[in-house]
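S.K.: So I've got this file, query.csv, and it contains CSV, N, CA and C atoms:
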chain,number,residue,atom,x,y,z
F,1007,MET,N,-8.3,14.3,-0.4
F,1007,MET,CA,-9.0,13.9,0.8
F,1007,MET,C,-10.2,14.7,1.1
F,1008,GLN,N,-11.1,14.2,1.8
F,1008,GLN,CA,-12.4,14.9,2.0
F,1008,GLN,C,-12.3,16.2,2.7
F,1009,ASN,N,-11.5,16.2,3.8
F,1009,ASN,CA,-11.4,17.5,4.5
F,1009,ASN,C,-10.1,17.5,5.4
F,1010,ASN,N,-9.8,18.6,6.0
F,1010,ASN,CA,-8.6,18.7,6.8
F,1010,ASN,C,-8.7,17.8,8.1
F,1011,LEU,N,-9.9,17.6,8.6
F,1011,LEU,CA,-10.1,16.8,9.8
F,1011,LEU,C,-9.8,15.4,9.5
F,1012,TYR,N,-10.3,14.9,8.4
F,1012,TYR,CA,-10.0,13.5,8.0
F,1012,TYR,C,-8.5,13.3,7.8
F,1013,TYR,N,-7.9,14.3,7.1
F,1013,TYR,CA,-6.4,14.2,6.9
F,1013,TYR,C,-5.7,14.2,8.2
F,1014,PHE,N,-6.1,15.1,9.1
F,1014,PHE,CA,-5.4,15.2,10.4
F,1014,PHE,C,-5.6,13.9,11.2
F,1015,LEU,N,-6.8,13.3,11.2
F,1015,LEU,CA,-6.9,12.1,11.9
F,1015,LEU,C,-6.1,11.0,11.3
F,1016,TRP,N,-6.0,11.0,10.0
F,1016,TRP,CA,-5.1,10.0,9.3
F,1016,TRP,C,-3.7,10.2,9.8
F,1017,CYS,N,-3.2,11.4,9.8
F,1017,CYS,CA,-1.8,11.7,10.2
F,1017,CYS,C,-1.6,11.3,11.7
F,1018,SER,N,-2.6,11.5,12.5
F,1018,SER,CA,-2.5,11.2,13.9
F,1018,SER,C,-2.4,9.7,14.1
F,1019,ALA,N,-3.1,8.9,13.3
F,1019,ALA,CA,-3.1,7.5,13.4
F,1019,ALA,C,-1.7,7.0,13.0
F,1020,ILE,N,-1.1,7.6,11.9
F,1020,ILE,CA,0.2,7.2,11.4
F,1020,ILE,C,1.2,7.6,12.4
F,1021,LEU,N,1.0,8.7,13.2
F,1021,LEU,CA,2.0,9.2,14.1
F,1021,LEU,C,2.4,8.1,15.1
F,1022,GLY,N,1.5,7.2,15.5
F,1022,GLY,CA,1.8,6.2,16.4
F,1022,GLY,C,2.7,5.1,15.9
F,1023,LEU,N,2.9,5.1,14.5
F,1023,LEU,CA,3.7,4.1,13.9
F,1023,LEU,C,5.1,4.6,13.6
F,1024,VAL,N,5.4,5.9,13.8
F,1024,VAL,CA,6.7,6.4,13.5
F,1024,VAL,C,7.8,5.8,14.4
F,1025,LEU,N,8.9,5.4,13.8
F,1025,LEU,CA,9.9,4.7,14.5
F,1025,LEU,C,10.8,5.8,15.2
F,1026,SER,N,11.5,5.3,16.2
F,1026,SER,CA,12.4,6.2,17.0
F,1026,SER,C,13.5,6.7,16.1
F,1027,ASN,N,14.3,7.7,16.7
F,1027,ASN,CA,15.4,8.2,16.0
F,1027,ASN,C,16.6,7.3,15.8
F,1028,THR,N,16.5,6.1,16.4
F,1028,THR,CA,17.5,5.1,16.2
F,1028,THR,C,17.3,4.3,14.9
F,1029,CYS,N,16.3,4.6,14.1
F,1029,CYS,CA,16.0,4.0,12.8
F,1029,CYS,C,15.9,5.1,11.8
F,1030,THR,N,16.9,5.3,11.0
F,1030,THR,CA,16.9,6.3,9.9
F,1030,THR,C,17.2,5.6,8.6
F,1031,TRP,N,17.4,6.4,7.6
F,1031,TRP,CA,17.6,5.8,6.2
F,1031,TRP,C,18.8,5.0,6.1
F,1032,ASP,N,19.8,5.2,7.0
F,1032,ASP,CA,21.1,4.4,6.8
F,1032,ASP,C,21.3,3.4,7.9
F,1033,ASN,N,20.4,3.3,8.9
F,1033,ASN,CA,20.7,2.4,10.0
F,1033,ASN,C,19.5,1.6,10.5
F,1034,CYS,N,18.5,1.4,9.6
F,1034,CYS,CA,17.3,0.8,10.0
F,1034,CYS,C,17.6,-0.7,10.4
F,1035,PRO,N,17.1,-1.1,11.5
F,1035,PRO,CA,17.3,-2.5,11.9
F,1035,PRO,C,16.7,-3.5,10.9
F,1036,ASN,N,17.3,-4.7,10.8
F,1036,ASN,CA,16.8,-5.7,9.9
F,1036,ASN,C,15.6,-6.3,10.5
F,1037,TRP,N,14.4,-6.1,9.9
F,1037,TRP,CA,13.2,-6.7,10.4
F,1037,TRP,C,12.7,-7.9,9.7
F,1038,SER,N,13.5,-8.3,8.7
F,1038,SER,CA,13.1,-9.4,7.8
F,1038,SER,C,14.3,-10.2,7.4
F,1039,ASP,N,14.1,-11.5,7.1
F,1039,ASP,CA,15.2,-12.3,6.6
F,1039,ASP,C,15.3,-12.1,5.1
F,1040,ASP,N,14.4,-11.5,4.5
F,1040,ASP,CA,14.4,-11.2,3.1
F,1040,ASP,C,15.3,-10.1,2.7
F,1041,ASP,N,16.4,-10.4,2.0
F,1041,ASP,CA,17.3,-9.3,1.6
F,1041,ASP,C,16.8,-8.3,0.7
F,1042,ASN,N,15.6,-8.6,0.1
F,1042,ASN,CA,15.0,-7.6,-0.8
F,1042,ASN,C,13.9,-6.8,-0.2
F,1043,ALA,N,13.8,-7.0,1.1
F,1043,ALA,CA,12.7,-6.3,1.9
F,1043,ALA,C,12.9,-4.8,1.7
F,1044,VAL,N,11.8,-4.1,1.6
F,1044,VAL,CA,11.8,-2.6,1.6
F,1044,VAL,C,11.2,-2.1,2.8
F,1045,TYR,N,11.8,-1.2,3.5
F,1045,TYR,CA,11.3,-0.6,4.7
F,1045,TYR,C,10.7,0.8,4.4
F,1046,VAL,N,9.5,1.0,4.9
F,1046,VAL,CA,8.9,2.3,4.6
F,1046,VAL,C,8.7,3.0,5.9
F,1047,HIS,N,9.1,4.2,6.0
F,1047,HIS,CA,9.0,5.0,7.2
F,1047,HIS,C,7.9,6.1,6.9
F,1048,PHE,N,6.9,6.2,7.8
F,1048,PHE,CA,5.9,7.2,7.6
F,1048,PHE,C,6.3,8.3,8.6
F,1049,VAL,N,6.3,9.5,8.0
F,1049,VAL,CA,6.5,10.7,8.8
F,1049,VAL,C,5.3,11.6,8.6
F,1050,PRO,N,4.5,11.7,9.6
F,1050,PRO,CA,3.3,12.5,9.4
F,1050,PRO,C,3.6,14.0,9.1
F,1051,HIS,N,2.8,14.6,8.4
F,1051,HIS,CA,2.9,16.0,8.0
F,1051,HIS,C,1.5,16.6,7.7
F,1052,THR,N,1.5,17.8,7.5
F,1052,THR,CA,0.3,18.5,7.0
F,1052,THR,C,0.6,19.4,5.9
F,1053,HIS,N,-0.3,19.6,5.0
F,1053,HIS,CA,-0.1,20.6,4.0
F,1053,HIS,C,-1.2,21.6,4.1
F,1054,ASP,N,-0.9,22.7,4.5
F,1054,ASP,CA,-1.9,23.8,4.8
F,1054,ASP,C,-1.7,25.0,3.8
F,1055,ASP,N,-2.5,25.1,2.8
F,1055,ASP,CA,-2.3,26.1,1.8
F,1055,ASP,C,-2.5,27.5,2.5
F,1056,MET,N,-1.7,28.5,2.0
F,1056,MET,CA,-1.8,29.8,2.5
F,1056,MET,C,-2.9,30.6,1.7
F,1057,GLY,N,-3.9,29.9,1.3
F,1057,GLY,CA,-5.0,30.5,0.5
F,1057,GLY,C,-5.2,29.8,-0.8
F,1058,TRP,N,-6.1,28.8,-0.9
F,1058,TRP,CA,-6.3,28.1,-2.1
F,1058,TRP,C,-7.8,28.1,-2.3
F,1059,LEU,N,-8.6,27.4,-1.6
F,1059,LEU,CA,-10.0,27.4,-1.6
F,1059,LEU,C,-10.7,28.3,-0.6
F,1060,LYS,N,-9.9,28.7,0.4
F,1060,LYS,CA,-10.3,29.6,1.4
F,1060,LYS,C,-9.2,30.7,1.5
F,1061,THR,N,-9.5,31.7,2.3
F,1061,THR,CA,-8.4,32.7,2.5
F,1061,THR,C,-7.5,32.1,3.6
F,1062,ALA,N,-6.3,32.7,3.7
F,1062,ALA,CA,-5.4,32.2,4.7
F,1062,ALA,C,-6.0,32.3,6.1
F,1063,ASP,N,-6.7,33.4,6.4
F,1063,ASP,CA,-7.4,33.5,7.7
F,1063,ASP,C,-8.4,32.4,7.9
F,1064,ASP,N,-9.2,32.1,6.9
F,1064,ASP,CA,-10.2,31.0,7.0
F,1064,ASP,C,-9.6,29.7,7.3
F,1065,TYR,N,-8.4,29.4,6.6
F,1065,TYR,CA,-7.7,28.1,6.9
F,1065,TYR,C,-7.2,28.1,8.3
F,1066,TYR,N,-6.6,29.2,8.8
F,1066,TYR,CA,-6.0,29.3,10.1
F,1066,TYR,C,-7.1,29.1,11.2
F,1067,THR,N,-8.2,29.8,11.1
F,1067,THR,CA,-9.2,29.7,12.1
F,1067,THR,C,-10.2,28.6,12.0
F,1068,GLY,N,-10.4,28.1,10.7
F,1068,GLY,CA,-11.3,27.0,10.5
F,1068,GLY,C,-12.7,27.5,10.1
F,1069,VAL,N,-12.9,28.8,10.0
F,1069,VAL,CA,-14.2,29.4,9.6
F,1069,VAL,C,-14.5,29.1,8.2
F,1070,ASN,N,-15.7,29.5,7.8
F,1070,ASN,CA,-16.2,29.3,6.4
F,1070,ASN,C,-16.3,27.8,6.1
F,1071,PRO,N,-17.1,27.1,6.9
F,1071,PRO,CA,-17.2,25.7,6.7
F,1071,PRO,C,-18.0,25.2,5.5
F,1072,LEU,N,-18.6,26.1,4.8
F,1072,LEU,CA,-19.4,25.7,3.6
F,1072,LEU,C,-18.5,25.4,2.5
F,1073,GLN,N,-17.3,25.9,2.5
F,1073,GLN,CA,-16.3,25.6,1.4
F,1073,GLN,C,-15.6,24.3,1.8
F,1074,VAL,N,-15.0,23.8,0.8
F,1074,VAL,CA,-14.3,22.5,0.9
F,1074,VAL,C,-13.2,22.6,2.0
F,1075,MET,N,-12.9,21.6,2.7
F,1075,MET,CA,-11.8,21.4,3.6
F,1075,MET,C,-12.3,21.4,5.1
F,1076,GLY,N,-13.6,21.6,5.3
F,1076,GLY,CA,-14.1,21.3,6.7
F,1076,GLY,C,-13.8,22.4,7.7
F,1077,LEU,N,-14.0,22.0,9.0
F,1077,LEU,CA,-14.0,22.9,10.1
F,1077,LEU,C,-12.7,23.0,10.8
F,1078,THR,N,-11.7,22.2,10.6
F,1078,THR,CA,-10.5,22.2,11.3
F,1078,THR,C,-9.6,23.3,10.9
F,1079,GLY,N,-9.2,24.1,11.9
F,1079,GLY,CA,-8.3,25.2,11.6
F,1079,GLY,C,-6.9,24.8,11.7
F,1080,VAL,N,-6.0,25.5,11.0
F,1080,VAL,CA,-4.6,25.2,11.1
F,1080,VAL,C,-4.0,25.4,12.5
F,1081,ASN,N,-4.6,26.4,13.2
F,1081,ASN,CA,-4.1,26.6,14.5
F,1081,ASN,C,-4.4,25.4,15.4
F,1082,MET,N,-5.5,24.7,15.2
F,1082,MET,CA,-5.8,23.5,16.0
F,1082,MET,C,-4.8,22.4,15.6
F,1083,ILE,N,-4.5,22.3,14.3
F,1083,ILE,CA,-3.6,21.2,13.9
F,1083,ILE,C,-2.2,21.4,14.5
F,1084,ILE,N,-1.7,22.6,14.5
F,1084,ILE,CA,-0.4,22.9,15.1
F,1084,ILE,C,-0.5,22.6,16.6
F,1085,SER,N,-1.4,23.1,17.3
F,1085,SER,CA,-1.5,22.9,18.8
F,1085,SER,C,-1.6,21.4,19.1
F,1086,THR,N,-2.5,20.7,18.4
F,1086,THR,CA,-2.7,19.3,18.7
F,1086,THR,C,-1.4,18.5,18.4
F,1087,MET,N,-0.7,18.8,17.3
F,1087,MET,CA,0.5,18.0,17.0
F,1087,MET,C,1.6,18.3,18.0
F,1088,ILE,N,1.7,19.5,18.5
F,1088,ILE,CA,2.7,19.9,19.6
F,1088,ILE,C,2.4,19.0,20.8
F,1089,ASP,N,1.1,19.0,21.2
F,1089,ASP,CA,0.7,18.2,22.4
F,1089,ASP,C,1.0,16.7,22.2
F,1090,GLU,N,0.8,16.2,21.0
F,1090,GLU,CA,1.0,14.8,20.7
F,1090,GLU,C,2.5,14.5,20.7
F,1091,LEU,N,3.3,15.3,20.1
F,1091,LEU,CA,4.7,15.1,20.0
F,1091,LEU,C,5.4,15.1,21.4
F,1092,ALA,N,4.8,16.0,22.3
F,1092,ALA,CA,5.4,16.1,23.6
F,1092,ALA,C,5.1,14.9,24.4
F,1093,LYS,N,4.1,14.1,24.1
F,1093,LYS,CA,3.8,12.8,24.8
F,1093,LYS,C,4.8,11.7,24.6
F,1094,ASP,N,5.5,11.7,23.5
F,1094,ASP,CA,6.4,10.6,23.1
F,1094,ASP,C,7.6,11.1,22.3
F,1095,PRO,N,8.8,11.0,22.9
F,1095,PRO,CA,10.0,11.5,22.2
F,1095,PRO,C,10.3,10.7,20.9
F,1096,LYS,N,9.7,9.6,20.7
F,1096,LYS,CA,9.9,8.8,19.5
F,1096,LYS,C,9.2,9.4,18.3
F,1097,ARG,N,8.2,10.2,18.5
F,1097,ARG,CA,7.4,10.7,17.4
F,1097,ARG,C,8.0,11.8,16.7
F,1098,ARG,N,7.7,12.0,15.4
F,1098,ARG,CA,8.2,13.0,14.5
F,1098,ARG,C,7.0,13.6,13.7
F,1099,PHE,N,7.2,14.8,13.3
F,1099,PHE,CA,6.2,15.5,12.5
F,1099,PHE,C,7.0,16.5,11.6
F,1100,SER,N,6.5,16.6,10.4
F,1100,SER,CA,7.1,17.5,9.4
F,1100,SER,C,6.2,18.7,9.1
F,1101,TYR,N,6.6,19.9,9.2
F,1101,TYR,CA,5.8,21.1,9.0
F,1101,TYR,C,6.5,22.1,8.1
F,1102,CYS,N,5.9,22.6,7.1
F,1102,CYS,CA,6.6,23.5,6.2
F,1102,CYS,C,6.0,24.9,6.0
F,1103,GLU,N,4.8,25.1,6.5
F,1103,GLU,CA,4.1,26.4,6.3
F,1103,GLU,C,4.5,27.4,7.3
F,1104,THR,N,5.6,28.0,7.2
F,1104,THR,CA,6.2,28.9,8.2
F,1104,THR,C,5.3,30.1,8.4
F,1105,GLY,N,4.5,30.5,7.4
F,1105,GLY,CA,3.6,31.6,7.6
F,1105,GLY,C,2.5,31.3,8.7
F,1106,TYR,N,2.0,30.1,8.6
F,1106,TYR,CA,1.0,29.7,9.7
F,1106,TYR,C,1.7,29.5,11.0
F,1107,LEU,N,2.9,28.9,11.0
F,1107,LEU,CA,3.6,28.7,12.3
F,1107,LEU,C,3.9,30.0,12.9
F,1108,THR,N,4.3,31.0,12.1
F,1108,THR,CA,4.6,32.3,12.6
F,1108,THR,C,3.3,32.9,13.2
F,1109,ARG,N,2.2,32.8,12.5
F,1109,ARG,CA,0.9,33.3,13.0
F,1109,ARG,C,0.6,32.6,14.3
F,1110,TRP,N,0.8,31.3,14.4
F,1110,TRP,CA,0.5,30.6,15.6
F,1110,TRP,C,1.3,31.1,16.8
F,1111,ILE,N,2.6,31.3,16.6
F,1111,ILE,CA,3.5,31.8,17.6
F,1111,ILE,C,3.1,33.2,18.0
F,1112,GLU,N,2.7,34.1,17.1
F,1112,GLU,CA,2.4,35.4,17.4
F,1112,GLU,C,0.9,35.6,17.8
F,1113,ASP,N,0.1,34.6,17.8
F,1113,ASP,CA,-1.3,34.7,18.2
F,1113,ASP,C,-1.4,35.2,19.6
F,1114,GLU,N,-2.2,36.2,19.8
F,1114,GLU,CA,-2.4,36.8,21.2
F,1114,GLU,C,-2.9,35.8,22.2
F,1115,GLU,N,-3.6,34.8,21.7
F,1115,GLU,CA,-4.2,33.7,22.6
F,1115,GLU,C,-3.1,32.7,23.0
F,1116,ARG,N,-2.0,32.7,22.4
F,1116,ARG,CA,-1.0,31.7,22.6
F,1116,ARG,C,-0.3,32.0,23.9
F,1117,THR,N,-0.1,31.0,24.8
F,1117,THR,CA,0.5,31.2,26.1
F,1117,THR,C,2.0,30.9,25.9
F,1118,GLU,N,2.8,31.5,26.9
F,1118,GLU,CA,4.2,31.2,26.9
F,1118,GLU,C,4.5,29.7,27.1
F,1119,ILE,N,3.7,29.0,27.8
F,1119,ILE,CA,3.9,27.6,28.0
F,1119,ILE,C,3.8,26.9,26.7
F,1120,GLU,N,2.8,27.2,25.9
F,1120,GLU,CA,2.7,26.6,24.5
F,1120,GLU,C,3.9,26.9,23.7
F,1121,LYS,N,4.3,28.1,23.7
F,1121,LYS,CA,5.5,28.5,22.9
F,1121,LYS,C,6.7,27.8,23.3
F,1122,GLU,N,6.9,27.7,24.6
F,1122,GLU,CA,8.1,27.0,25.2
F,1122,GLU,C,8.0,25.5,24.8
F,1123,LYS,N,6.9,24.9,24.8
F,1123,LYS,CA,6.7,23.5,24.4
F,1123,LYS,C,7.2,23.3,23.0
F,1124,LEU,N,6.8,24.3,22.1
F,1124,LEU,CA,7.3,24.2,20.7
F,1124,LEU,C,8.8,24.4,20.6
F,1125,ARG,N,9.3,25.4,21.4
F,1125,ARG,CA,10.8,25.6,21.3
F,1125,ARG,C,11.5,24.3,21.8
F,1126,SER,N,11.0,23.7,22.8
F,1126,SER,CA,11.7,22.5,23.4
F,1126,SER,C,11.7,21.3,22.4
F,1127,LEU,N,10.5,21.2,21.7
F,1127,LEU,CA,10.4,20.1,20.7
F,1127,LEU,C,11.4,20.4,19.5
F,1128,VAL,N,11.5,21.6,19.1
F,1128,VAL,CA,12.4,21.9,18.0
F,1128,VAL,C,13.8,21.7,18.4
F,1129,ALA,N,14.2,22.1,19.6
F,1129,ALA,CA,15.5,22.0,20.1
F,1129,ALA,C,15.9,20.5,20.3
F,1130,SER,N,14.9,19.7,20.5
F,1130,SER,CA,15.2,18.2,20.7
F,1130,SER,C,15.2,17.5,19.4
F,1131,GLY,N,14.9,18.2,18.3
F,1131,GLY,CA,14.9,17.5,17.0
F,1131,GLY,C,13.6,16.9,16.6
F,1132,MET,N,12.6,17.1,17.3
F,1132,MET,CA,11.3,16.5,17.0
F,1132,MET,C,10.6,17.3,15.9
I'd like the structure from this file rewritten - as structure tokens, please.
M.R.:
Amino acid sequence: MQNNLYYFLWCSAILGLVLSNTCTWDNCPNWSDDDNAVYVHFVPHTHDDMGWLKTADDYYTGVNPLQVMGLTGVNMIISTMIDELAKDPKRRFSYCETGYLTRWIEDEERTEIEKEKLRSLVASGM
């Protein structure tokens, strides 16, 4: 994909399509009369390298825009996804880069309100 911002916007658009937790791999409601229908569930995620084309710091802050991947920093992706998840309990998001998540939590600019929002989302299974 062209850059992180494009990818983030794509994930945000898909986020609105994610089904509630009442529809999982083993209990999806029948949406078609076709017995051969295949149901596809989109779960938005992000893949943020801990240093590939930029340093881990550059990815986190979004600096060094002359290199591939654009201006969006990982810190902004995490903050935005937490805000969006908090708006609708039916939404889901998958995140695996614990190094960046740890940095986001330990960031001096992070407020206790933001951290508590994340804790609440994790506790609720989002």
S.K.: Write out as a PyMOL selection string the residues lying within 12 Å of Ala1062 in chain F, counting only C-alpha atoms and excluding same-chain residues fewer than 4 positions away.
M.R.: chain F and resi 1054-1058+1066-1070+1079-1081+1103+1105-1106+1109
S.K.: So the first atom is atom C of Arg1116 in chain F and the second is atom C of Ser1085 in chain F; what is the distance between them in Å, to one decimal place?
M.R.: 11.7 Å
S.K.: Grab the CA of His1051 in chain F to CA of Leu1127 in chain F distance for me, in Å with one decimal place.
M.R.: 15.3 Å
S.K.: F:Pro1035, F:Ala1092, F:Ile1084, F:Arg1097: which is nearest Ile1111 in chain F, counting only C-alpha atoms?
M.R.: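 Between F:Pro1035, F:Ala1092, F:Ile1084, F:Arg1097, the residue approaching Ile1111 in chain F most closely is F:Ile1084.
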S.K.: Just give me the gap between CA of Tyr1101 in chain F and atom N of Thr1052 in chain F in Å, one decimal is fine.
M.R.: 5.6 Å
